[in-house]
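Undergrad: What follows is final-v8.txt, compact mmCIF, C-alpha atoms.
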```
# COMPACT_ATOMS: atom_id res chain seq x y z
CA MET A 10 0.00 0.00 0.00
CA GLN A 11 2.86 2.32 -0.85
CA ALA A 12 0.60 4.62 -2.87
CA GLU A 13 -1.67 5.15 0.15
CA ALA A 14 1.22 6.11 2.39
CA ASP A 15 2.36 8.62 -0.20
CA LEU A 16 -1.08 10.19 -0.46
CA GLY A 17 -1.25 10.67 3.31
CA ASP A 18 2.20 12.26 3.25
CA LEU A 19 1.17 14.53 0.40
CA LEU A 20 -1.91 15.66 2.34
CA GLY A 21 0.39 16.47 5.25
CA GLN A 22 2.47 18.64 2.93
CA VAL A 23 -0.63 20.30 1.52
CA ALA A 24 -1.64 21.15 5.08
CA GLN A 25 1.68 23.06 5.29
CA GLY A 26 0.71 25.10 2.23
CA ASP A 27 2.70 23.08 -0.30
CA ARG A 28 1.14 23.70 -3.70
CA ALA A 29 3.42 21.19 -5.42
CA ALA A 30 2.04 18.47 -3.14
CA LEU A 31 -1.51 19.41 -4.12
CA ARG A 32 -0.48 19.24 -7.75
CA ALA A 33 1.04 15.79 -7.16
CA ILE A 34 -2.29 14.64 -5.73
CA TYR A 35 -4.07 16.11 -8.74
CA VAL A 36 -1.74 14.35 -11.17
CA ARG A 37 -2.29 11.00 -9.50
CA GLN A 38 -5.94 11.19 -8.60
CA SER A 39 -7.73 13.54 -10.96
CA THR A 40 -8.75 10.87 -13.50
CA ARG A 41 -10.24 8.69 -10.80
CA LEU A 42 -11.86 11.64 -9.03
CA PHE A 43 -13.24 13.16 -12.22
CA GLY A 44 -14.82 9.76 -12.93
CA ILE A 45 -16.51 9.87 -9.52
CA ALA A 46 -17.81 13.40 -10.18
CA MET A 47 -18.93 12.49 -13.72
CA ALA A 48 -20.90 9.46 -12.52
CA ILE A 49 -22.94 11.85 -10.36
CA MET A 50 -23.04 15.01 -12.50
CA ARG A 51 -23.13 13.37 -15.96
CA ASP A 52 -21.90 16.64 -17.47
CA ARG A 53 -18.23 17.44 -18.01
CA THR A 54 -18.54 21.15 -17.25
CA ALA A 55 -20.43 20.53 -14.03
CA ALA A 56 -18.04 17.73 -13.06
CA ALA A 57 -15.06 20.02 -13.71
CA ASP A 58 -16.60 22.65 -11.41
CA VAL A 59 -17.04 19.97 -8.77
CA LEU A 60 -13.44 18.81 -9.10
CA GLN A 61 -12.13 22.37 -8.87
CA ASP A 62 -14.28 23.05 -5.82
CA SER A 63 -13.06 19.78 -4.29
CA PHE A 64 -9.39 20.62 -4.74
CA LEU A 65 -9.94 24.01 -3.13
CA LYS A 66 -11.54 22.18 -0.20
CA ILE A 67 -8.63 19.72 -0.05
CA TRP A 68 -6.28 22.72 -0.02
CA GLN A 69 -8.19 24.37 2.82
CA ARG A 70 -8.96 21.27 4.87
CA ALA A 71 -5.88 19.06 4.44
CA GLY A 72 -4.98 19.87 8.05
CA GLN A 73 -8.13 18.07 9.16
CA PHE A 74 -7.03 14.82 7.53
CA ASP A 75 -5.91 12.40 10.24
CA PRO A 76 -3.86 9.50 8.80
CA SER A 77 -4.49 7.47 11.95
CA ARG A 78 -8.23 7.55 11.27
CA GLY A 79 -8.39 6.64 7.61
CA GLU A 80 -6.81 6.48 4.20
CA GLY A 81 -6.04 9.59 2.19
CA GLN A 82 -7.76 8.20 -0.86
CA VAL A 83 -11.01 7.65 1.03
CA TRP A 84 -10.82 11.13 2.55
CA ILE A 85 -10.25 12.77 -0.84
CA SER A 86 -12.92 10.71 -2.57
CA SER A 87 -15.49 11.62 0.03
CA ILE A 88 -14.77 15.33 -0.45
CA VAL A 89 -15.37 14.92 -4.19
CA ARG A 90 -18.53 12.84 -3.71
CA HIS A 91 -20.04 15.29 -1.24
CA ALA A 92 -19.15 18.26 -3.44
CA ALA A 93 -20.86 16.49 -6.35
CA LEU A 94 -23.88 15.57 -4.23
CA ASP A 95 -24.19 19.18 -3.05
CA ALA A 96 -23.99 20.40 -6.65
CA ALA A 97 -26.54 17.81 -7.75
CA ARG A 98 -28.88 18.87 -4.93
CA ALA A 99 -28.40 22.52 -5.84
CA ARG A 100 -29.54 21.87 -9.39
CA GLY A 101 -32.46 19.83 -8.09
CA ARG A 102 -30.97 16.48 -9.05
CA GLU A 103 -32.54 16.94 -12.43
CA ILE A 104 -30.78 13.90 -13.85
CA PRO A 105 -33.39 12.17 -15.98
CA THR A 106 -33.97 8.83 -14.33
CA ASP A 107 -34.72 7.23 -17.70
CA ASP A 108 -31.31 8.19 -19.10
CA PRO A 109 -30.34 4.93 -20.80
CA GLY A 110 -26.70 5.46 -19.91
CA LEU A 111 -27.46 5.89 -16.27
CA GLY A 112 -26.72 3.10 -13.93
CA ASP A 113 -27.57 0.18 -16.11
CA THR A 114 -24.05 -0.97 -16.79
CA MET A 115 -23.26 -0.50 -13.12
CA LEU A 116 -25.94 -2.83 -12.03
CA GLU A 117 -24.95 -5.80 -14.11
CA PRO A 118 -23.42 -8.51 -11.97
CA GLU A 119 -20.13 -8.34 -13.86
CA ALA A 120 -19.79 -4.62 -13.04
CA LEU A 121 -19.94 -5.43 -9.36
CA ASP A 122 -17.23 -8.01 -9.97
CA ARG A 123 -14.84 -5.09 -10.27
CA LEU A 124 -15.14 -4.88 -6.52
CA GLN A 125 -13.11 -8.08 -6.29
CA ALA A 126 -9.99 -6.08 -7.10
CA SER A 127 -8.78 -5.94 -3.53
CA GLU A 128 -9.33 -7.75 -0.28
CA GLU A 129 -11.31 -4.90 1.23
CA SER A 130 -13.57 -4.40 -1.74
CA THR A 131 -14.04 -8.16 -2.09
CA ARG A 132 -15.54 -8.23 1.38
CA LEU A 133 -17.95 -5.45 0.44
CA HIS A 134 -18.77 -7.33 -2.75
CA GLU A 135 -19.59 -10.49 -0.79
CA CYS A 136 -21.77 -8.56 1.62
CA LEU A 137 -23.58 -6.76 -1.22
CA GLN A 138 -24.29 -10.11 -2.86
CA LYS A 139 -26.09 -11.21 0.30
CA LEU A 140 -28.57 -8.34 -0.01
CA PRO A 141 -31.80 -8.67 -1.96
CA GLN A 142 -31.17 -7.40 -5.48
CA ALA A 143 -33.29 -4.26 -5.13
CA ASN A 144 -31.52 -3.19 -1.93
CA ARG A 145 -28.18 -3.77 -3.58
CA GLU A 146 -29.16 -1.79 -6.69
CA GLY A 147 -30.54 1.06 -4.65
CA ILE A 148 -27.35 1.38 -2.64
CA VAL A 149 -25.11 1.25 -5.70
CA MET A 150 -27.24 3.78 -7.61
CA ALA A 151 -27.21 6.14 -4.66
CA PHE A 152 -23.49 5.91 -4.01
CA VAL A 153 -22.17 5.85 -7.57
CA HIS A 154 -24.73 8.05 -9.34
CA GLY A 155 -25.90 10.21 -6.46
CA LEU A 156 -29.53 9.28 -7.02
CA SER A 157 -32.00 10.48 -4.40
CA HIS A 158 -34.62 8.31 -2.75
CA PRO A 159 -37.36 9.48 -5.16
CA GLU A 160 -35.12 8.83 -8.17
CA ILE A 161 -34.26 5.35 -6.98
CA ALA A 162 -37.94 4.69 -6.29
CA ALA A 163 -38.74 5.74 -9.86
CA ARG A 164 -36.05 3.54 -11.35
CA LEU A 165 -36.96 0.51 -9.28
CA ASP A 166 -40.65 1.27 -9.79
CA GLN A 167 -41.37 0.97 -6.09
CA PRO A 168 -43.10 3.24 -3.57
CA LEU A 169 -40.83 5.85 -2.00
CA GLY A 170 -41.35 4.61 1.56
CA THR A 171 -40.47 1.06 0.57
CA VAL A 172 -37.26 2.18 -1.08
CA LYS A 173 -36.26 4.29 1.90
CA SER A 174 -36.62 1.37 4.28
CA TRP A 175 -34.90 -1.05 1.84
CA ILE A 176 -31.89 1.18 1.62
CA ARG A 177 -31.73 1.77 5.32
CA ARG A 178 -32.04 -1.95 6.02
CA GLY A 179 -29.50 -2.68 3.30
CA LEU A 180 -27.00 -0.30 4.88
CA LEU A 181 -27.43 -1.82 8.31
CA SER A 182 -27.05 -5.35 6.88
CA LEU A 183 -23.84 -4.29 5.18
CA ARG A 184 -22.53 -2.90 8.43
CA GLU A 185 -23.37 -6.12 10.21
CA CYS A 186 -21.82 -8.23 7.46
CA LEU A 187 -18.59 -6.20 7.34
CA SER A 188 -18.06 -6.07 11.08
CA MET B 9 -33.01 22.78 17.79
CA SER B 10 -31.16 19.68 16.84
CA MET B 11 -33.12 17.19 14.79
CA LEU B 12 -30.49 14.49 15.21
CA PRO B 13 -31.80 11.20 16.60
CA THR B 14 -30.55 10.33 20.07
CA ASP B 15 -30.87 6.59 19.57
CA PRO B 16 -27.41 5.26 18.52
CA ALA B 17 -28.89 2.85 15.97
CA GLU B 18 -30.86 5.66 14.38
CA LEU B 19 -27.82 7.90 14.40
CA THR B 20 -25.74 5.18 12.73
CA ALA B 21 -28.36 4.77 10.03
CA LEU B 22 -28.51 8.53 9.49
CA ALA B 23 -24.70 8.66 9.18
CA GLY B 24 -24.88 5.84 6.63
CA GLU B 25 -27.51 7.66 4.58
CA TYR B 26 -25.44 10.84 4.75
CA VAL B 27 -22.42 9.01 3.32
CA LEU B 28 -24.55 7.16 0.78
CA GLY B 29 -25.89 10.53 -0.35
CA THR B 30 -29.60 9.86 -0.09
CA LEU B 31 -30.37 12.59 2.45
CA ASP B 32 -32.02 15.70 1.05
CA ALA B 33 -30.21 19.03 1.17
CA ARG B 34 -31.70 20.04 4.52
CA GLN B 35 -30.89 16.78 6.31
CA SER B 36 -27.45 16.64 4.74
CA ARG B 37 -26.64 20.16 5.94
CA MET B 38 -27.90 19.25 9.38
CA VAL B 39 -25.50 16.29 9.59
CA GLU B 40 -22.63 18.35 8.20
CA ALA B 41 -23.27 21.12 10.71
CA ALA B 42 -23.33 18.63 13.59
CA LEU B 43 -20.09 16.85 12.62
CA PRO B 44 -17.52 19.20 14.19
CA GLY B 45 -19.20 19.14 17.60
CA ASN B 46 -20.28 15.52 17.65
CA PRO B 47 -17.33 13.07 17.75
CA ASP B 48 -19.66 10.04 17.86
CA LEU B 49 -21.38 11.11 14.69
CA ALA B 50 -18.04 11.98 13.07
CA ALA B 51 -16.70 8.51 13.90
CA MET B 52 -19.83 6.91 12.47
CA VAL B 53 -19.52 8.93 9.28
CA ALA B 54 -15.82 8.04 8.94
CA ALA B 55 -16.65 4.35 9.43
CA TRP B 56 -19.32 4.51 6.72
CA GLU B 57 -16.90 6.27 4.36
CA ASP B 58 -14.48 3.38 4.89
CA ARG B 59 -17.12 0.69 4.46
CA LEU B 60 -18.58 2.09 1.26
CA ALA B 61 -15.37 3.50 -0.27
CA PRO B 62 -14.81 0.48 -2.59
CA LEU B 63 -18.04 1.38 -4.40
CA SER B 64 -16.22 4.31 -5.98
CA LEU B 65 -14.38 1.70 -8.09
CA LEU B 66 -17.62 1.40 -10.01
CA ALA B 67 -17.37 4.95 -11.41
CA PRO B 68 -15.44 4.69 -14.68
CA PRO B 69 -12.26 6.84 -14.51
CA GLU B 70 -12.27 9.76 -16.91
CA ALA B 71 -9.66 12.42 -17.60
CA PRO B 72 -10.72 15.94 -16.53
CA PRO B 73 -10.60 18.77 -19.08
CA PRO B 74 -7.09 20.05 -19.79
CA GLY B 75 -6.40 23.34 -18.05
CA LEU B 76 -8.42 22.50 -14.95
CA TRP B 77 -5.29 22.36 -12.82
CA ASP B 78 -4.32 25.86 -13.94
CA GLN B 79 -7.71 27.12 -12.76
CA ILE B 80 -7.30 25.38 -9.42
CA GLU B 81 -3.82 26.79 -8.98
CA ALA B 82 -5.06 30.27 -9.82
CA HIS B 83 -7.48 29.99 -6.89
CA ILE B 84 -5.10 28.59 -4.31
CA SER B 85 -2.31 31.08 -4.67
CA PRO B 86 -2.74 34.03 -2.33
CA ALA B 87 -3.24 36.07 -5.47
CA GLN B 88 -6.74 35.09 -6.47
CA ALA B 89 -7.83 35.21 -10.07
CA ALA B 90 -10.27 38.09 -10.31
CA ARG B 91 -12.45 39.66 -12.91
CA PRO B 92 -10.87 40.18 -16.30
CA ALA B 93 -9.11 43.52 -16.65
CA ARG B 94 -11.50 46.40 -17.24
CA PRO B 95 -11.41 47.02 -20.99
CA ARG B 96 -12.19 50.75 -20.79
CA PHE B 97 -9.39 51.21 -18.33
CA LEU B 98 -6.96 49.31 -20.53
CA ARG B 99 -7.95 51.14 -23.68
CA LEU B 100 -6.97 54.40 -22.06
CA TRP B 101 -3.55 52.96 -21.63
CA GLN B 102 -2.92 51.52 -25.01
CA GLY B 103 -0.70 53.70 -27.12
CA TRP B 104 1.20 55.08 -24.17
CA ALA B 105 4.92 54.66 -24.40
CA VAL B 106 5.81 56.44 -21.23
CA GLY B 107 7.97 55.95 -18.21
CA ALA B 108 6.57 54.67 -14.98
CA SER B 109 6.37 57.99 -13.17
CA LEU B 110 4.39 59.72 -15.90
CA ALA B 111 2.14 56.68 -16.14
CA ALA B 112 1.55 56.77 -12.42
CA ALA B 113 0.58 60.42 -12.48
CA ALA B 114 -1.86 59.86 -15.30
CA LEU B 115 -3.39 56.80 -13.71
CA ALA B 116 -4.22 58.78 -10.60
CA GLY B 117 -6.47 60.90 -12.81
CA VAL B 118 -8.04 57.90 -14.50
CA ALA B 119 -8.86 56.40 -11.17
CA PHE B 120 -11.11 59.28 -10.23
CA LEU B 121 -13.46 58.76 -13.13
CA PRO B 122 -17.02 58.55 -11.80
CA GLY B 123 -17.80 55.07 -10.58
CA ALA B 124 -14.21 53.99 -10.37
CA ALA B 125 -13.01 52.83 -6.97
CA ALA B 126 -10.32 55.29 -5.92
CA PRO B 127 -7.00 53.61 -5.27
CA ARG B 128 -5.07 54.93 -2.33
CA MET B 129 -1.75 54.02 -3.84
CA MET B 130 -0.64 52.67 -7.14
CA THR B 131 2.30 51.94 -9.36
CA VAL B 132 3.05 50.81 -12.85
CA LEU B 133 5.33 47.82 -13.12
CA VAL B 134 7.87 48.17 -15.89
CA THR B 135 10.30 45.83 -17.59
CA SER B 136 14.04 46.38 -17.47
CA GLY B 137 13.52 48.24 -20.73
CA THR B 138 11.06 50.54 -18.87
CA GLN B 139 8.19 49.22 -20.92
CA THR B 140 4.97 49.45 -18.93
CA ALA B 141 3.55 45.99 -18.26
CA TRP B 142 1.23 45.90 -15.24
CA THR B 143 -0.55 48.35 -12.98
CA ALA B 144 -0.82 47.67 -9.28
CA GLU B 145 -3.41 49.61 -7.27
CA VAL B 146 -4.04 49.48 -3.55
CA ASP B 147 -7.72 49.71 -2.69
CA ARG B 148 -9.34 51.19 0.40
CA ARG B 149 -9.33 47.86 2.18
CA GLY B 150 -5.60 47.41 1.67
CA GLY B 151 -6.01 44.85 -1.12
CA ILE B 152 -3.89 45.00 -4.24
CA GLN B 153 -5.30 44.90 -7.75
CA LEU B 154 -2.80 43.86 -10.40
CA ALA B 155 -3.79 44.35 -14.04
CA ALA B 156 -1.92 43.57 -17.24
CA LEU B 157 -1.51 46.47 -19.64
CA GLY B 158 -1.61 46.33 -23.40
CA ALA B 159 1.59 46.91 -25.34
CA PRO B 160 2.38 50.54 -26.24
CA THR B 161 1.89 49.61 -29.89
CA GLY B 162 -1.69 48.61 -29.15
CA GLY B 163 -0.95 44.93 -29.57
CA PRO B 164 -0.79 42.45 -26.74
CA LEU B 165 2.23 42.72 -24.51
CA ASP B 166 3.62 39.32 -23.77
CA THR B 167 3.57 39.12 -19.98
CA ALA B 168 3.20 35.32 -19.97
CA PRO B 169 6.10 33.34 -18.52
CA PRO B 170 7.85 30.73 -20.68
CA ASP B 171 6.38 27.24 -20.52
CA GLY B 172 7.18 25.45 -17.30
CA ARG B 173 7.82 28.68 -15.38
CA VAL B 174 5.48 30.85 -13.36
CA LEU B 175 5.28 34.52 -12.36
CA GLN B 176 5.44 35.28 -8.66
CA LEU B 177 4.48 38.59 -7.09
CA TRP B 178 6.59 40.08 -4.30
CA ALA B 179 6.47 43.12 -2.04
CA LEU B 180 9.50 44.86 -0.56
CA PRO B 181 8.48 47.54 1.97
CA PRO B 182 10.87 50.46 2.51
CA GLY B 183 13.63 49.41 4.88
CA ALA B 184 12.91 45.69 4.54
CA LYS B 185 15.89 43.52 3.69
CA ALA B 186 13.99 40.83 1.81
CA PRO B 187 10.81 40.77 -0.26
CA THR B 188 7.71 38.88 0.86
CA SER B 189 5.76 36.70 -1.54
CA LEU B 190 2.26 37.88 -2.42
CA GLY B 191 1.59 34.69 -4.38
CA LEU B 192 1.66 33.45 -7.94
CA VAL B 193 0.23 35.34 -10.88
CA PRO B 194 -2.15 32.89 -12.57
CA ARG B 195 -1.06 32.09 -16.11
CA GLY B 196 -3.07 34.09 -18.61
CA ALA B 197 -4.81 36.21 -15.98
CA GLY B 198 -5.42 39.78 -17.13
CA ALA B 199 -6.08 40.89 -13.57
CA VAL B 200 -5.37 39.60 -10.12
CA HIS B 201 -6.89 40.83 -6.90
CA ILE B 202 -5.11 40.14 -3.63
CA THR B 203 -7.63 40.88 -0.91
CA THR B 204 -5.30 40.49 2.05
CA PRO B 205 -1.66 40.86 1.04
CA ALA B 206 0.94 39.19 3.26
CA VAL B 207 2.42 42.63 3.90
CA LYS B 208 0.49 45.86 4.34
CA PRO B 209 1.00 48.05 1.29
CA VAL B 210 2.70 51.35 2.11
CA ALA B 211 3.95 54.20 -0.02
CA GLY B 212 7.47 53.53 -1.28
CA MET B 213 7.00 49.76 -1.27
CA LEU B 214 8.48 47.97 -4.27
CA ILE B 215 6.21 45.54 -6.13
CA GLU B 216 8.11 42.97 -8.16
CA ILE B 217 7.26 40.03 -10.37
CA SER B 218 9.90 37.32 -10.70
CA LEU B 219 10.19 34.25 -12.92
CA GLU B 220 10.05 31.06 -10.86
CA PRO B 221 9.81 27.29 -11.19
CA PRO B 222 6.36 25.64 -11.13
CA GLY B 223 4.65 26.14 -7.77
CA GLY B 224 6.68 29.26 -7.09
CA ALA B 225 10.00 29.92 -5.40
CA PRO B 226 10.78 26.93 -3.17
CA GLY B 227 11.96 29.15 -0.33
CA ALA B 228 11.01 32.52 1.07
CA LEU B 229 13.01 34.48 -1.50
CA PRO B 230 12.75 34.90 -5.26
CA THR B 231 15.08 32.60 -7.18
CA GLY B 232 14.52 33.82 -10.73
CA PRO B 233 15.10 37.15 -12.45
CA VAL B 234 12.82 40.08 -11.60
CA LEU B 235 10.95 40.74 -14.83
CA PHE B 236 8.75 43.64 -13.73
CA ILE B 237 9.12 46.18 -10.96
CA GLY B 238 7.36 49.30 -9.68
CA ARG B 239 7.24 51.46 -6.54
CA LEU B 240 3.94 52.32 -4.83
CA THR B 241 3.13 56.01 -4.62
CA GLU B 242 0.13 57.91 -3.27
CA ALA B 243 -2.47 57.90 -6.00
CA GLY B 244 -4.04 61.27 -5.40
CA PRO B 245 -6.06 63.38 -3.00
CA PRO B 246 -7.79 61.46 -0.21
CA THR B 247 -11.46 60.73 -0.76
```
Represent the structure of the file as C-alpha cells.
TA:
Amino acid sequence: MQAEADLGDLLGQVAQGDRAALRAIYVRQSTRLFGIAMAIMRDRTAAADVLQDSFLKIWQRAGQFDPSRGEGQVWISSIVRHAALDAARARGREIPTDDPGLGDTMLEPEALDRLQASEESTRLHECLQKLPQANREGIVMAFVHGLSHPEIAARLDQPLGTVKSWIRRGLLSLRECLS
Amino acid sequence: MSMLPTDPAELTALAGEYVLGTLDARQSRMVEAALPGNPDLAAMVAAWEDRLAPLSLLAPPEAPPPGLWDQIEAHISPAQAARPARPRFLRLWQGWAVGASLAAAALAGVAFLPGAAAPRMMTVLVTSGTQTAWTAEVDRRGGIQLAALGAPTGGPLDTAPPDGRVLQLWALPPGAKAPTSLGLVPRGAGAVHITTPAVKPVAGMLIEISLEPPGGAPGALPTGPVLFIGRLTEAGPPT
C-alpha cells in the first residue's frame, strides 16, 4: 500500500501550504476523481466545477485529515462525492432517471465483480451479494450516481417509503456483514 | 433545535444515509453542521466512508478537461484570479509609451473617473527596458489589484512566462531587507486581486514580479530574475 502512504504524506504537505504536493495529488488522482464526479453530474462542465471546488476544499482542509483515522484516498474521494452531491442537490438532481446510460451498466453482476480487485472491496462485494437485489441496486445507484430516494424509487418502480426502508435496512445489513 | 436522533442505531443509520448521499439538502446540511461538535457522529460517518469506499471503483475513470489544474492553482495562490481587466481602463492605456512615473501620475487621474473605486496608492510595473507591463493599485481595504496592460503599440504585450515557469508577485516595503511573496500570478490572468496581502501596502513599497519554477519559489526568496518592478506612490487626493 505504498501509494496510500504517499497520499497521506502529500496531504500532510498540503496542510503546510505546499502547492506542489496538491499538484502531485491532482496528477495521481484527478482521472479517478473526475470519474466519480462524472458518474454523479453526468456533465463534463459541471463535473469540472465539482473537481475544482473539491481541490480548493482539499487545499483548505488538508490539516483536518488524520492518517491514523483513515486512508487519504477515502478522505479525498469523500470530499469529491459530497461536493458532487451538493452540486446535484443545488440543481435539483434533475438527472433524468430514464437516461439509458445511467446506472444500467453498473448494475450488471459483472460490473460489481470489479469490486473483487482488492481484499477490502471483495468483502464489500460479498456482503452486497447477500442483499436482496433491489436493496443492492438502490445502494449502488445512490453511491455511484448520487440518485436520491425518489429517483431510486422511480427507477426501481417501487413506492418511495419502501425504497427508503430497503436502503436503510441494506446499509445496516452491510454494516453487520462487514463487522 | 437539533433534529439528530438520540438513539445510537438511528444515528448510525442517518450517518450511513449521509455518506450514501440519499439525504435531502436540509438533512445533509444538518449532519454536516453537527459533525464538528459531535465526535460520535463523526466517527460513524468516517466508518461509513471506509465501508462504502470500494463502491467508488464502479465509477469509470475519466480524464478531466485540460487546463483544470491551472484554474485550481489560480485559486489557491494568495493572489486570487479576479475579474478580467476592465477594458475601458486598458484602452486608455494603449498607445502610451511612457515611463513609470508619468504613467503613475496619469493613472491617478483615471482612477477618479465617476464610478471607479479610488485607489489609495498605485504603481506601474515596468520591464528592465522601462516598458509598462502591469498596474498595481491598492484599494481602500488594503487589497492589491494587479492588471496587465496592453503593449504601447496597441498589440498584446507578452507578460506570460515561458512554458514550465510561473510569475510570482513580491512586495518589498521600505527598509525591509527581503521581499515577501504575495503569491503566484495565474497564467493568462489579465487581472489579479489580492484581498489580504501578506504585507500591508505602504507608499514607497516595491512591487516585483519574478520568474520562478512551477509552484513558485521553493523558499522565502525569489530565485529567478525580476521581470517587472514598480514602486507604490500615493495615488491622489484622499477621498
Undergrad: As a PDB file with C-alpha atoms, in the frame of the given file, could you give me every residue of chain A near chain B (at most 6 Å apart, counting all atoms listed in the file)?
TA:
```pdb
ATOM      1  CA  ARG A  28       1.140  23.700  -3.700  1.00  0.00           C
ATOM      2  CA  ALA A  29       3.420  21.190  -5.420  1.00  0.00           C
ATOM      3  CA  THR A  40      -8.750  10.870 -13.500  1.00  0.00           C
ATOM      4  CA  ARG A  41     -10.240   8.690 -10.800  1.00  0.00           C
ATOM      5  CA  PHE A  43     -13.240  13.160 -12.220  1.00  0.00           C
ATOM      6  CA  GLY A  44     -14.820   9.760 -12.930  1.00  0.00           C
ATOM      7  CA  ILE A  45     -16.510   9.870  -9.520  1.00  0.00           C
ATOM      8  CA  ALA A  48     -20.900   9.460 -12.520  1.00  0.00           C
ATOM      9  CA  GLN A  61     -12.130  22.370  -8.870  1.00  0.00           C
ATOM     10  CA  SER A 130     -13.570  -4.400  -1.740  1.00  0.00           C
ATOM     11  CA  PHE A 152     -23.490   5.910  -4.010  1.00  0.00           C
ATOM     12  CA  SER A 157     -32.000  10.480  -4.400  1.00  0.00           C
ATOM     13  CA  HIS A 158     -34.620   8.310  -2.750  1.00  0.00           C
TER      14      HIS A 158
END
```
Undergrad: In Å, rounded to a single decimal, give me how far CA of His154 in chain A is from CA of Ile88 in chain A.
TA: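 Those two atoms sit 15.2 Å apart.
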Undergrad: Which residues come within 6 Å of Thr131 in chain B, counting only C-alpha atoms, excluding same-chain residues fewer than 6 positions away, as a JSON list (two decimals) with C-alpha atoms, keeping the file's coordinate frame?
TA:
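Result written to result.json:
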```json
[["chain", "number", "residue", "atom", "x", "y", "z"],
["B", 112, "ALA", "CA", 1.55, 56.77, -12.42],
["B", 143, "THR", "CA", -0.55, 48.35, -12.98],
["B", 144, "ALA", "CA", -0.82, 47.67, -9.28],
["B", 238, "GLY", "CA", 7.36, 49.30, -9.68],
["B", 239, "ARG", "CA", 7.24, 51.46, -6.54],
["B", 240, "LEU", "CA", 3.94, 52.32, -4.83]]
```
Undergrad: What lies within 8 Å of Phe74 in chain A using all atoms listed in the file, ignoring chain neighbours under 5 positions off, as a list in words?
TA: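 In the requested form, the answer reads Leu20, Gly21, Gly81 and Trp84 of chain A.
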Undergrad: I'd like the interatomic distance between CA of Gln22 in chain A and CA of Glu129 in chain A, to a tenth of an Å.
TA: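 A separation of 27.3 Å between them.
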Undergrad: Between CA of Arg70 in chain A and CA of Gly191 in chain B, what is the spacing in Å?
TA: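 These atoms are spaced 19.4 Å apart.
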Undergrad: Set the distance at 9 Å and use all atoms listed in the file: which residues neighbour Lys173 in chain A once local chain neighbours fewer than 4 positions away are removed? I'd like the list as an mmCIF file with C-alpha atoms, in the frame of the given file.
TA:
```
data_model
loop_
_atom_site.group_PDB
_atom_site.id
_atom_site.type_symbol
_atom_site.label_atom_id
_atom_site.label_comp_id
_atom_site.auth_asym_id
_atom_site.auth_seq_id
_atom_site.Cartn_x
_atom_site.Cartn_y
_atom_site.Cartn_z
ATOM 1 C CA HIS A 158 -34.620 8.310 -2.750
ATOM 2 C CA PRO A 159 -37.360 9.480 -5.160
ATOM 3 C CA ALA A 162 -37.940 4.690 -6.290
ATOM 4 C CA PRO A 168 -43.100 3.240 -3.570
ATOM 5 C CA LEU A 169 -40.830 5.850 -2.000
ATOM 6 C CA ARG A 177 -31.730 1.770 5.320
ATOM 7 C CA ARG A 178 -32.040 -1.950 6.020
ATOM 8 C CA THR B 30 -29.600 9.860 -0.090
#
```
Undergrad: With a distance cut-off of 6 Å and all atoms listed in the file, select the neighbouring residues of range 175-181 of chain B, excluding the residue or stretch itself and same-chain residues fewer than 4 positions from it, and output the selection as a ChimeraX atom specification.
TA: /B:187-193,213-219
Undergrad: Please provide as a ChimeraX atom specification all residues within 12 Å of His134 in chain A, with the sequence filter that same-chain residues fewer than 3 positions apart are discarded (counting all atoms listed in the file).
TA: /A:118-131,137-140,145,149,183,186-187 /B:59-63,65-66
Undergrad: Pull C-alpha atoms from the residues just selected and write them as a short mmCIF file (atom, residue, chain, number, x, y, z; two decimals), in the frame of the given file.
TA:
```cif
data_model
loop_
_atom_site.label_atom_id
_atom_site.label_comp_id
_atom_site.auth_asym_id
_atom_site.auth_seq_id
_atom_site.Cartn_x
_atom_site.Cartn_y
_atom_site.Cartn_z
CA PRO A 118 -23.42 -8.51 -11.97
CA GLU A 119 -20.13 -8.34 -13.86
CA ALA A 120 -19.79 -4.62 -13.04
CA LEU A 121 -19.94 -5.43 -9.36
CA ASP A 122 -17.23 -8.01 -9.97
CA ARG A 123 -14.84 -5.09 -10.27
CA LEU A 124 -15.14 -4.88 -6.52
CA GLN A 125 -13.11 -8.08 -6.29
CA ALA A 126 -9.99 -6.08 -7.10
CA SER A 127 -8.78 -5.94 -3.53
CA GLU A 128 -9.33 -7.75 -0.28
CA GLU A 129 -11.31 -4.90 1.23
CA SER A 130 -13.57 -4.40 -1.74
CA THR A 131 -14.04 -8.16 -2.09
CA LEU A 137 -23.58 -6.76 -1.22
CA GLN A 138 -24.29 -10.11 -2.86
CA LYS A 139 -26.09 -11.21 0.30
CA LEU A 140 -28.57 -8.34 -0.01
CA ARG A 145 -28.18 -3.77 -3.58
CA VAL A 149 -25.11 1.25 -5.70
CA LEU A 183 -23.84 -4.29 5.18
CA CYS A 186 -21.82 -8.23 7.46
CA LEU A 187 -18.59 -6.20 7.34
CA ARG B 59 -17.12 0.69 4.46
CA LEU B 60 -18.58 2.09 1.26
CA ALA B 61 -15.37 3.50 -0.27
CA PRO B 62 -14.81 0.48 -2.59
CA LEU B 63 -18.04 1.38 -4.40
CA LEU B 65 -14.38 1.70 -8.09
CA LEU B 66 -17.62 1.40 -10.01
#
```
Undergrad: Could you check the closest approach to Gly232 in chain B for each of B:Met38, B:Ala211, B:Val174, B:Met130 and tell me which residue wins, using only C-alpha atoms?
TA: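 Of all the options, B:Val174 lies closest to Gly232 in chain B.
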Undergrad: Compare B:Ala228, B:Val39, B:Met11, B:Ile152 by their minimum atom-to-atom distance to Met129 in chain B, counting only C-alpha atoms, and give me the closest one.
TA: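 For Met129 in chain B, the nearest of the candidates is B:Ile152.
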Undergrad: With distances taken over only C-alpha atoms, which of A:Ala30, A:Val83, A:Leu156, A:Leu42 is nearest to Ala57 in chain A?
TA: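 Of all the options, A:Leu42 lies closest to Ala57 in chain A.
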Undergrad: Ranking A:Ser86, A:Ser174, A:Ser39, A:Thr54 by minimum distance to Ala143 in chain A and counting all atoms listed in the file, which one comes first?
TA: A:Ser174
Undergrad: Quick one: of B:Glu242, B:Val234, B:Gly183, B:Pro170, who's nearest to Asp147 in chain B, counting only C-alpha atoms?
TA: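 For Asp147 in chain B, the nearest of the candidates is B:Glu242.
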Undergrad: Compare A:Arg32, A:Arg184, A:Arg78, A:Arg100 by their minimum atom-to-atom distance to Ala55 in chain A, counting only C-alpha atoms, and give me the closest one.
TA: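 Among A:Arg32, A:Arg184, A:Arg78, A:Arg100, it is A:Arg100 that comes nearest to Ala55 in chain A.
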